[in-house]
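Structure data follow from data.tsv (TSV, C-alpha atoms):
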chain	number	residue	atom	x	y	z
H	274	MET	CA	0.00	0.00	0.00
H	275	LYS	CA	2.83	2.37	0.91
H	276	LYS	CA	4.57	1.59	-2.37
H	277	LEU	CA	1.43	2.39	-4.35
H	278	LEU	CA	1.07	5.71	-2.55
H	279	ILE	CA	4.64	6.69	-3.42
H	280	LEU	CA	4.08	5.80	-7.08
H	281	PHE	CA	0.89	7.89	-7.09
H	282	VAL	CA	2.74	10.92	-5.69
H	283	ILE	CA	5.50	10.58	-8.29
H	284	ALA	CA	2.99	10.24	-11.11
H	285	SER	CA	1.09	13.28	-9.88
H	286	ALA	CA	4.27	15.34	-9.82
H	287	PHE	CA	5.05	14.46	-13.41
H	288	SER	CA	1.49	15.19	-14.50
H	289	CYS	CA	1.91	18.77	-13.29
H	290	LYS	CA	4.73	19.37	-15.75
H	291	ASN	CA	4.38	20.50	-19.33
H	292	THR	CA	6.45	19.15	-22.21
H	293	GLN	CA	9.30	21.54	-21.35
H	294	GLY	CA	9.59	20.06	-17.87
H	295	VAL	CA	8.19	23.18	-16.19
H	296	VAL	CA	5.78	22.67	-13.34
H	297	ALA	CA	2.39	23.95	-14.47
H	298	LYS	CA	0.77	26.63	-12.33
H	299	ASP	CA	-2.90	26.85	-11.50
H	300	ASN	CA	-3.72	30.22	-13.05
H	301	SER	CA	-7.42	29.55	-13.41
H	302	ASP	CA	-8.66	32.37	-11.16
H	303	PRO	CA	-7.36	35.95	-11.58
H	304	THR	CA	-9.65	37.47	-8.93
H	305	LYS	CA	-6.97	38.13	-6.33
H	306	TYR	CA	-4.78	40.00	-8.79
H	307	MET	CA	-7.67	41.73	-10.54
H	308	ASN	CA	-8.57	43.28	-7.20
H	309	THR	CA	-5.13	44.87	-6.85
H	310	ILE	CA	-6.24	47.25	-9.62
H	311	THR	CA	-7.82	50.05	-7.62
H	312	ALA	CA	-9.39	53.44	-8.22
H	313	LYS	CA	-6.99	54.95	-5.69
H	314	ASP	CA	-3.89	53.88	-7.60
H	315	LEU	CA	-5.31	54.75	-11.01
H	316	LYS	CA	-6.20	58.21	-9.75
H	317	LYS	CA	-2.75	58.72	-8.22
H	318	HIS	CA	-1.04	57.89	-11.52
H	319	LEU	CA	-3.44	59.87	-13.67
H	320	TYR	CA	-3.13	63.09	-11.69
H	321	ILE	CA	0.58	62.93	-12.51
H	322	VAL	CA	0.46	61.71	-16.12
H	323	ALA	CA	-2.24	64.27	-17.01
H	324	SER	CA	-0.82	67.15	-14.97
H	325	ASP	CA	0.18	70.55	-16.38
H	326	GLU	CA	3.80	69.56	-15.73
H	327	MET	CA	3.54	67.11	-18.66
H	328	GLU	CA	2.52	69.97	-20.98
H	329	GLY	CA	-0.14	67.99	-22.82
H	330	ARG	CA	2.33	65.24	-23.87
H	331	GLU	CA	2.69	66.41	-27.46
H	332	THR	CA	4.65	63.87	-29.53
H	333	GLY	CA	8.37	64.31	-28.91
H	334	SER	CA	7.93	67.21	-26.49
H	335	GLU	CA	9.74	67.61	-23.19
H	336	GLY	CA	6.41	67.10	-21.45
H	337	GLN	CA	5.87	63.75	-23.14
H	338	LYS	CA	9.40	62.71	-22.23
H	339	LYS	CA	8.70	63.62	-18.59
H	340	ALA	CA	5.61	61.43	-18.69
H	341	GLY	CA	7.72	58.64	-20.16
H	342	VAL	CA	10.22	58.89	-17.31
H	343	TYR	CA	7.36	58.62	-14.83
H	344	LEU	CA	6.09	55.45	-16.52
H	345	ILE	CA	9.54	53.89	-16.51
H	346	ASN	CA	10.09	54.71	-12.84
H	347	GLN	CA	6.81	53.03	-11.98
H	348	TYR	CA	7.82	49.91	-13.88
H	349	LYS	CA	11.13	49.87	-12.05
H	350	LYS	CA	9.34	50.30	-8.73
H	351	ASP	CA	7.06	47.37	-9.54
H	352	LYS	CA	10.03	45.30	-10.76
H	353	VAL	CA	8.72	45.05	-14.31
H	354	SER	CA	11.77	45.00	-16.57
H	355	PHE	CA	12.30	46.23	-20.10
H	356	PRO	CA	11.88	43.53	-22.74
H	357	LYS	CA	14.27	40.71	-23.37
H	358	GLY	CA	16.46	41.71	-26.31
H	359	ALA	CA	16.05	45.46	-25.73
H	360	ALA	CA	18.71	47.80	-24.34
H	361	ASP	CA	16.30	49.73	-22.12
H	362	TYR	CA	12.66	50.81	-21.79
H	363	TYR	CA	12.73	52.90	-24.99
H	364	GLN	CA	12.05	52.10	-28.63
H	365	PRO	CA	13.26	55.25	-30.44
H	366	VAL	CA	10.98	56.52	-33.19
H	367	PRO	CA	12.96	58.99	-35.33
H	368	ALA	CA	11.62	62.30	-36.53
H	369	SER	CA	12.21	61.21	-40.13
H	370	TYR	CA	9.67	58.44	-39.62
H	371	LEU	CA	7.16	60.58	-37.76
H	372	ASN	CA	7.21	63.25	-40.44
H	373	ALA	CA	7.27	60.99	-43.64
H	374	LYS	CA	3.13	60.50	-46.12
H	375	ARG	CA	2.53	64.20	-43.89
H	376	ASN	CA	3.45	68.00	-43.47
H	377	GLN	CA	4.55	67.86	-39.85
H	378	ASN	CA	7.57	69.00	-37.88
H	379	LEU	CA	7.73	66.52	-35.05
H	380	PRO	CA	10.99	65.82	-33.18
H	381	ASP	CA	12.37	62.40	-32.30
H	382	SER	CA	10.13	60.47	-29.94
H	383	GLU	CA	9.94	57.07	-28.28
H	384	ASN	CA	7.67	54.16	-27.66
H	385	ILE	CA	8.03	52.85	-24.12
H	386	TRP	CA	7.88	49.15	-23.41
H	387	ALA	CA	7.91	46.90	-20.38
H	388	TYR	CA	7.82	43.12	-20.24
H	389	ILE	CA	6.95	40.09	-18.17
H	390	GLU	CA	8.40	36.86	-19.53
H	391	GLY	CA	6.15	33.85	-19.73
H	392	SER	CA	6.88	30.78	-17.65
H	393	GLU	CA	5.86	28.07	-20.13
H	394	LYS	CA	5.50	29.64	-23.59
H	395	PRO	CA	7.86	32.62	-23.39
H	396	ASP	CA	8.22	32.95	-27.16
H	397	GLU	CA	4.50	33.65	-27.56
H	398	VAL	CA	3.74	37.29	-26.77
H	399	LEU	CA	0.57	39.17	-25.85
H	400	VAL	CA	0.76	42.92	-26.50
H	401	ILE	CA	-1.22	45.36	-24.36
H	402	SER	CA	-1.10	48.83	-25.88
H	403	ALA	CA	-2.10	52.43	-25.18
H	404	HIS	CA	-0.82	55.72	-26.56
H	405	TYR	CA	0.72	58.15	-24.11
H	406	ASP	CA	0.89	61.22	-26.34
H	407	HIS	CA	-1.77	63.93	-26.55
H	408	VAL	CA	-2.10	67.27	-28.36
H	409	GLY	CA	0.11	69.49	-26.21
H	410	VAL	CA	-0.40	73.23	-25.61
H	411	LYS	CA	-2.63	75.47	-27.72
H	412	ASP	CA	-2.85	79.25	-27.29
H	413	GLY	CA	-1.19	78.96	-23.91
H	414	GLU	CA	-3.69	76.36	-22.64
H	415	VAL	CA	-2.49	72.88	-21.66
H	416	TYR	CA	-4.58	70.05	-23.13
H	417	ASN	CA	-3.92	67.39	-20.52
H	418	GLY	CA	-5.67	64.44	-22.18
H	419	ALA	CA	-6.71	62.71	-18.97
H	420	ASP	CA	-9.12	60.42	-20.78
H	421	ASP	CA	-7.33	60.52	-24.15
H	422	ASP	CA	-5.28	58.56	-23.40
H	423	GLY	CA	-4.10	59.12	-19.88
H	424	SER	CA	-6.74	56.60	-18.84
H	425	GLY	CA	-5.28	53.84	-21.02
H	426	THR	CA	-1.74	54.79	-20.02
H	427	VAL	CA	-2.36	54.33	-16.31
H	428	ALA	CA	-4.43	51.20	-16.96
H	429	LEU	CA	-1.29	49.56	-18.36
H	430	LEU	CA	0.67	50.50	-15.24
H	431	GLU	CA	-1.90	48.89	-12.97
H	432	MET	CA	-2.21	45.77	-15.14
H	433	ALA	CA	1.56	45.32	-15.19
H	434	GLN	CA	1.72	45.70	-11.42
H	435	ALA	CA	-0.96	43.02	-11.02
H	436	PHE	CA	0.87	40.59	-13.30
H	437	ALA	CA	4.16	41.30	-11.52
H	438	LYS	CA	2.57	40.50	-8.17
H	439	ALA	CA	1.17	37.28	-9.59
H	440	LYS	CA	4.59	36.30	-10.89
H	441	LYS	CA	6.23	37.05	-7.55
H	442	GLU	CA	3.75	34.71	-5.89
H	443	GLY	CA	4.33	31.89	-8.37
H	444	HIS	CA	1.44	32.60	-10.73
H	445	GLY	CA	3.16	34.51	-13.50
H	446	PRO	CA	1.69	34.39	-17.01
H	447	LYS	CA	2.50	31.32	-19.09
H	448	ARG	CA	2.99	33.48	-22.19
H	449	SER	CA	5.03	36.67	-22.25
H	450	ILE	CA	3.35	40.07	-22.06
H	451	LEU	CA	4.61	43.27	-23.69
H	452	PHE	CA	3.18	46.48	-22.23
H	453	LEU	CA	3.53	48.97	-25.08
H	454	HIS	CA	3.04	52.73	-24.62
H	455	VAL	CA	3.09	54.14	-28.13
H	456	THR	CA	3.84	57.65	-29.32
H	457	GLY	CA	2.44	59.66	-32.18
H	458	GLU	CA	-1.11	58.30	-32.14
H	459	GLU	CA	-2.59	61.76	-32.39
H	460	HIS	CA	-0.66	62.40	-35.59
H	461	GLY	CA	-1.56	59.19	-37.40
H	462	LEU	CA	-0.92	56.05	-35.28
H	463	HIS	CA	2.81	56.50	-35.91
H	464	GLY	CA	4.25	54.73	-32.87
H	465	SER	CA	2.19	51.56	-33.22
H	466	ARG	CA	2.89	51.47	-36.94
H	467	PHE	CA	6.60	51.82	-36.22
H	468	TYR	CA	6.47	48.92	-33.78
H	469	SER	CA	4.53	46.73	-36.23
H	470	GLU	CA	7.17	47.44	-38.88
H	471	ASN	CA	10.07	47.05	-36.43
H	472	PRO	CA	8.80	44.50	-33.91
H	473	LEU	CA	11.00	43.38	-31.05
H	474	PHE	CA	9.27	40.01	-31.14
H	475	PRO	CA	8.18	38.36	-34.40
H	476	LEU	CA	4.64	39.26	-35.37
H	477	ALA	CA	4.06	35.56	-36.07
H	478	ASN	CA	4.61	34.96	-32.34
H	479	THR	CA	2.33	37.82	-31.26
H	480	ILE	CA	-0.92	36.13	-30.25
H	481	ALA	CA	-3.14	39.21	-29.79
H	482	ASP	CA	-3.26	42.92	-29.01
H	483	ILE	CA	-5.44	44.45	-26.31
H	484	ASN	CA	-5.62	48.19	-27.01
H	485	ILE	CA	-6.96	50.70	-24.49
H	486	ASP	CA	-7.81	54.22	-25.65
H	487	MET	CA	-10.18	56.37	-23.54
H	488	ILE	CA	-11.82	54.31	-20.78
H	489	GLY	CA	-12.32	56.90	-18.04
H	490	ARG	CA	-15.60	58.63	-18.86
H	491	ARG	CA	-18.96	58.17	-20.56
H	492	ASP	CA	-20.61	59.43	-23.72
H	493	VAL	CA	-24.10	60.90	-24.18
H	494	GLU	CA	-25.49	57.55	-25.31
H	495	HIS	CA	-24.79	56.22	-21.80
H	496	ALA	CA	-25.81	59.27	-19.77
H	497	LYS	CA	-27.59	57.20	-17.13
H	498	SER	CA	-24.82	54.68	-16.39
H	499	ASN	CA	-21.08	54.28	-16.82
H	500	ASN	CA	-21.27	50.48	-16.42
H	501	TYR	CA	-20.42	49.84	-20.07
H	502	VAL	CA	-17.56	49.74	-22.51
H	503	TYR	CA	-17.43	49.77	-26.29
H	504	VAL	CA	-15.78	46.65	-27.69
H	505	ILE	CA	-14.31	47.13	-31.15
H	506	GLY	CA	-12.60	44.62	-33.40
H	507	ALA	CA	-12.55	41.47	-31.28
H	508	ASP	CA	-14.47	39.41	-33.85
H	509	ARG	CA	-12.95	40.93	-36.99
H	510	LEU	CA	-10.21	38.29	-37.19
H	511	SER	CA	-10.91	35.75	-34.46
H	512	SER	CA	-14.09	34.21	-33.10
H	513	ASP	CA	-11.96	32.96	-30.20
H	514	LEU	CA	-11.00	36.46	-29.13
H	515	HIS	CA	-14.61	37.64	-29.21
H	516	ASN	CA	-15.71	34.64	-27.13
H	517	ILE	CA	-12.94	35.25	-24.60
H	518	VAL	CA	-13.98	38.89	-24.16
H	519	VAL	CA	-17.63	37.95	-23.63
H	520	ALA	CA	-16.87	35.05	-21.27
H	521	GLN	CA	-14.41	36.94	-19.07
H	522	ASN	CA	-16.78	39.88	-18.81
H	523	GLU	CA	-19.68	37.65	-17.78
H	524	LYS	CA	-17.53	35.94	-15.17
H	525	TYR	CA	-15.73	38.90	-13.63
H	526	ALA	CA	-16.53	42.45	-14.74
H	527	LYS	CA	-20.22	42.32	-15.71
H	528	LEU	CA	-20.07	45.46	-17.81
H	529	ASP	CA	-22.55	46.11	-20.59
H	530	LEU	CA	-20.56	45.36	-23.74
H	531	ASP	CA	-21.59	47.77	-26.47
H	532	PHE	CA	-20.72	46.60	-30.00
H	533	LYS	CA	-22.21	49.59	-31.81
H	534	PHE	CA	-18.89	50.84	-33.16
H	535	ASN	CA	-17.81	47.34	-34.17
H	536	ASP	CA	-20.14	47.47	-37.16
H	537	PRO	CA	-17.96	47.70	-40.30
H	538	LYS	CA	-20.53	50.13	-41.70
H	539	ASP	CA	-20.32	52.50	-38.74
H	540	PRO	CA	-19.42	55.93	-40.18
H	541	ASN	CA	-17.00	56.75	-37.34
H	542	HIS	CA	-14.61	53.96	-38.39
H	543	PHE	CA	-13.12	53.72	-34.91
H	544	TYR	CA	-11.71	50.31	-35.82
H	545	GLU	CA	-9.19	52.04	-38.08
H	546	ARG	CA	-8.55	54.97	-35.72
H	547	SER	CA	-6.58	53.56	-32.80
H	548	ASP	CA	-3.36	51.64	-32.35
H	549	HIS	CA	-4.73	48.10	-32.45
H	550	TYR	CA	-5.26	48.60	-36.17
H	551	ASN	CA	-1.53	48.37	-36.86
H	552	PHE	CA	-1.59	44.89	-35.35
H	553	ALA	CA	-4.86	43.81	-36.93
H	554	LYS	CA	-3.70	44.71	-40.43
H	555	HIS	CA	-0.91	42.17	-39.96
H	556	GLY	CA	-3.43	39.47	-39.07
H	557	ILE	CA	-3.06	39.69	-35.29
H	558	PRO	CA	-6.36	39.33	-33.37
H	559	SER	CA	-7.00	42.67	-31.72
H	560	VAL	CA	-9.58	44.24	-29.44
H	561	PHE	CA	-10.05	47.93	-28.68
H	562	PHE	CA	-11.74	49.15	-25.48
H	563	PHE	CA	-13.25	52.64	-25.61
H	564	ASN	CA	-15.77	54.81	-23.71
H	565	GLY	CA	-16.88	56.85	-26.72
H	566	VAL	CA	-16.46	60.53	-27.50
H	567	HIS	CA	-17.54	63.19	-25.00
H	568	GLU	CA	-17.63	66.99	-24.93
H	569	ASP	CA	-14.01	67.28	-23.78
H	570	TYR	CA	-12.52	65.06	-26.50
H	571	HIS	CA	-9.40	66.92	-27.73
H	572	GLN	CA	-10.42	69.90	-25.63
H	573	LYS	CA	-8.72	71.59	-22.68
H	574	GLY	CA	-11.46	70.27	-20.38
H	575	ASP	CA	-10.17	66.68	-20.55
H	576	GLU	CA	-8.91	66.85	-16.97
H	577	PRO	CA	-8.31	64.20	-14.26
H	578	GLU	CA	-11.08	65.51	-12.01
H	579	LYS	CA	-13.65	64.61	-14.68
H	580	ILE	CA	-12.60	60.97	-14.81
H	581	GLU	CA	-15.09	58.48	-13.36
H	582	TYR	CA	-12.66	56.32	-11.45
H	583	ASP	CA	-15.15	53.55	-10.71
H	584	ALA	CA	-15.66	53.06	-14.44
H	585	LEU	CA	-11.93	53.31	-15.16
H	586	THR	CA	-11.28	50.63	-12.56
H	587	LYS	CA	-13.86	48.16	-13.86
H	588	ARG	CA	-12.76	48.60	-17.48
H	589	THR	CA	-9.12	48.12	-16.52
H	590	GLN	CA	-10.05	45.01	-14.58
H	591	LEU	CA	-11.90	43.67	-17.61
H	592	ALA	CA	-8.85	44.19	-19.81
H	593	PHE	CA	-6.75	42.48	-17.15
H	594	VAL	CA	-8.84	39.31	-16.90
H	595	ILE	CA	-8.95	39.04	-20.69
H	596	ALA	CA	-5.16	39.39	-20.75
H	597	TRP	CA	-4.92	36.79	-17.99
H	598	ASP	CA	-6.96	34.34	-20.03
H	599	LEU	CA	-4.99	34.95	-23.23
H	600	ALA	CA	-1.67	34.63	-21.45
H	601	ASN	CA	-2.58	31.40	-19.67
H	602	ARG	CA	-4.93	29.43	-21.94
H	603	GLU	CA	-3.71	26.27	-23.63
H	604	ASN	CA	-4.02	27.56	-27.20
H	605	ARG	CA	-3.60	31.00	-28.70
H	606	PRO	CA	-6.72	32.52	-30.34
H	607	VAL	CA	-7.26	31.15	-33.82
H	608	VAL	CA	-7.48	33.52	-36.77
H	609	ASP	CA	-10.54	32.23	-38.60
H	610	LYS	CA	-11.55	35.35	-40.54
H	611	LYS	CA	-9.89	37.45	-43.21

Show how you would write the structure in this file as structure tokens.
Amino acid sequence: MKKLLILFVIASAFSCKNTQGVVAKDNSDPTKYMNTITAKDLKKHLYIVASDEMEGRETGSEGQKKAGVYLINQYKKDKVSFPKGAADYYQPVPASYLNAKRNQNLPDSENIWAYIEGSEKPDEVLVISAHYDHVGVKDGEVYNGADDDGSGTVALLEMAQAFAKAKKEGHGPKRSILFLHVTGEEHGLHGSRFYSENPLFPLANTIADINIDMIGRRDVEHAKSNNYVYVIGADRLSSDLHNIVVAQNEKYAKLDLDFKFNDPKDPNHFYERSDHYNFAKHGIPSVFFFNGVHEDYHQKGDEPEKIEYDALTKRTQLAFVIAWDLANRENRPVVDKK
């Protein structure tokens, strides 16, 4: 009897290993780490990222560079390193690139990236993106861009911190995650296009992109409740990705998913207007989370005090649990649509 028990224990130990000999982790429930994403922390970050000190974060400006330094310092504090194969947290985007198919005079700028390596499938990479530029200063007024896209910028910080905590406690993601803050979105999606043309990791190994652009407020169509988010693009390339978004929302966030702007015939064409598009056009399943346009879109009134931090928190948590699922599921989402 004792011999049988020993054999059972040995067999059980081997059954917990994958084909690479790595002990598999039970990453089935993200609740503990989802709950580390808090309104308090999001608000703390956003009041800095969208402060007058950052001068509206115009592409390549000193204000944007200050914001970038803040992001990097937070990643260092949370022990989230720069990506494997990179020299530091910056991907330089030269002025010559930013100003090429356009009559602009933008200086050199940078994408900022941070990285958590996967424990079992490190060569497969999930990208989580948000642009950290805005429109700068106009007629002496600072356009702080708290929602556009300070909200997405700080969401990435909180998601990275949650994944880092999970890794520290032995529940790190099985696939690698690249947190990508892109520049030049306001001038034509330049930073994300630059990354897609100069990827640090092969696009063939990039399983999906979760893009977050404006998730801190509400639009007039949802005047009575902020318990919603627009979901754009999830089903354009992959039924799997759409199903993951719906399932994770039903299980954890319970937001009203609004697919209005996902209609290919929608005249706003938001699918083509944010950074996920530069991944999707290369055949990478992509989803874009968005709160819709409000009266302060690209106006000086887009300030941190107008952010609805309860909504920002729930939407960030939704993006996190979707990322958790994508990073830990057995198979990457299948591309089953053109």

Please identify all polymer residues within 10 Å of Asp569 of chain H, counting only C-alpha atoms, omitting same-chain residues fewer than 5 positions from it, and present them as a VMD selection string.
chain H and resid 416 418 to 421 574 to 576 579

Pick out the residues sitting within 9 Å of segment 513-530 of chain H, and hand them over as a short mmCIF file (atom, residue, chain, number, x, y, z; two decimals) with C-alpha atoms, keeping the file's coordinate frame; count all atoms listed in the file, and ignore anything fewer than 5 positions along from it in its own chain.
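Resulting contents of result-v3.cif:
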data_model
loop_
_atom_site.label_atom_id
_atom_site.label_comp_id
_atom_site.auth_asym_id
_atom_site.auth_seq_id
_atom_site.Cartn_x
_atom_site.Cartn_y
_atom_site.Cartn_z
CA THR H 304 -9.65 37.47 -8.93
CA ALA H 481 -3.14 39.21 -29.79
CA ASN H 499 -21.08 54.28 -16.82
CA ASN H 500 -21.27 50.48 -16.42
CA TYR H 501 -20.42 49.84 -20.07
CA VAL H 502 -17.56 49.74 -22.51
CA TYR H 503 -17.43 49.77 -26.29
CA VAL H 504 -15.78 46.65 -27.69
CA GLY H 506 -12.60 44.62 -33.40
CA ALA H 507 -12.55 41.47 -31.28
CA ASP H 508 -14.47 39.41 -33.85
CA PRO H 558 -6.36 39.33 -33.37
CA SER H 559 -7.00 42.67 -31.72
CA VAL H 560 -9.58 44.24 -29.44
CA LYS H 587 -13.86 48.16 -13.86
CA ARG H 588 -12.76 48.60 -17.48
CA GLN H 590 -10.05 45.01 -14.58
CA LEU H 591 -11.90 43.67 -17.61
CA ALA H 592 -8.85 44.19 -19.81
CA VAL H 594 -8.84 39.31 -16.90
CA ILE H 595 -8.95 39.04 -20.69
CA ASP H 598 -6.96 34.34 -20.03
CA LEU H 599 -4.99 34.95 -23.23
CA ARG H 605 -3.60 31.00 -28.70
CA PRO H 606 -6.72 32.52 -30.34
CA VAL H 607 -7.26 31.15 -33.82
CA VAL H 608 -7.48 33.52 -36.77
CA ASP H 609 -10.54 32.23 -38.60
#

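Taking atom CA of Ile485 of chain H and atom CA of Ser547 of chain H as the two end points, the separation is 8.8 Å.
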
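Minimum atom-to-atom distances from H:Asn300, H:Thr456, H:Asn484, H:Ser511 to Tyr370 of chain H were compared using all atoms listed in the file, and the lowest value belongs to H:Thr456.
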
Rank nothing, just name the residue among H:Phe436, H:His495, H:Tyr550, H:Pro380 nearest to Ser402 of chain H, using only C-alpha atoms.
H:Tyr550

Quick one: pull the distance between atom CA of Thr479 of chain H and atom CA of Val398 of chain H, Å, one decimal.
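Separation between atom CA of Thr479 of chain H and atom CA of Val398 of chain H: 4.7 Å.
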
How far is it from atom CA of Met487 of chain H to atom CA of Phe532 of chain H, in Å with one decimal?
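If I compute the distance from atom CA of Met487 of chain H to atom CA of Phe532 of chain H, I get 15.8 Å.
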
Neighbouring residues of Asp406 of chain H were defined as those with any atom within 12 Å, considering all atoms listed in the file; residues of the same chain fewer than 6 positions away were excluded. Please report them as a PyMOL selection string.
chain H and resi 322-323+327-341+382-385+416-426+454-465+486+571

Which is closer to Gly489 of chain H than all the others in H:Leu399, H:Ile321, H:Ile580, H:Val427, using all atoms listed in the file?
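That would be H:Ile580, the residue with the smallest distance to Gly489 of chain H.
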
Determine, using all atoms listed in the file, which residues of segment 411-491 of chain H have any atom at most 12 Å from an atom of segment 345-367 of chain H, and tabulate each with its shortest atom pair and distance in Å to one decimal place, rows ordered by chain and then rising number, as a tab-separated table.
residue	atom	partner	partner_atom	distance
H:Thr426	CA	H:Ile345	CA	11.8
H:Val427	CA	H:Gln347	CA	10.2
H:Leu429	CA	H:Tyr348	CA	10.2
H:Leu430	CA	H:Tyr348	CA	7.3
H:Glu431	CA	H:Gln347	CA	9.7
H:Met432	CA	H:Tyr348	CA	10.9
H:Ala433	CA	H:Val353	CA	7.2
H:Gln434	CA	H:Asp351	CA	5.9
H:Ala435	CA	H:Asp351	CA	9.2
H:Phe436	CA	H:Val353	CA	9.1
H:Ala437	CA	H:Val353	CA	6.5
H:Lys438	CA	H:Asp351	CA	8.3
H:Ala439	CA	H:Asp351	CA	11.7
H:Lys440	CA	H:Val353	CA	10.3
H:Lys441	CA	H:Lys352	CA	9.6
H:Gly445	CA	H:Val353	CA	11.9
H:Ser449	CA	H:Pro356	CA	9.7
H:Ile450	CA	H:Pro356	CA	9.2
H:Leu451	CA	H:Pro356	CA	7.3
H:Phe452	CA	H:Pro356	CA	9.2
H:Leu453	CA	H:Gln364	CA	9.7
H:His454	CA	H:Tyr363	CA	9.7
H:Val455	CA	H:Gln364	CA	9.2
H:Thr456	CA	H:Val366	CA	8.2
H:Gly457	CA	H:Val366	CA	9.2
H:His463	CA	H:Val366	CA	8.6
H:Gly464	CA	H:Val366	CA	7.0
H:Ser465	CA	H:Val366	CA	10.1
H:Arg466	CA	H:Val366	CA	10.2
H:Phe467	CA	H:Val366	CA	7.1
H:Tyr468	CA	H:Gln364	CA	8.2
H:Ser469	CA	H:Gln364	CA	12.0
H:Glu470	CA	H:Val366	CA	11.4
H:Asn471	CA	H:Gln364	CA	9.5
H:Pro472	CA	H:Gln364	CA	9.8
H:Leu473	CA	H:Gly358	CA	7.4
H:Phe474	CA	H:Gly358	CA	8.8

Fewer than 4 positions away in the same chain doesn't count, so skip those; otherwise give me all residues within 7 Å of segment 392-396 of chain H, counting all atoms listed in the file, as a ChimeraX atom specification.
/H:295,445-449,478

Considering all atoms listed in the file, return as a tab-separated table (two decimals) with C-alpha atoms, keeping the file's coordinate frame whatever protein or nucleic-acid residues lie within 9 Å of Val493 of chain H, sequence-local ones (same chain, fewer than 5 positions apart) excluded.
chain	number	residue	atom	x	y	z
H	565	GLY	CA	-16.88	56.85	-26.72
H	566	VAL	CA	-16.46	60.53	-27.50
H	567	HIS	CA	-17.54	63.19	-25.00
H	568	GLU	CA	-17.63	66.99	-24.93
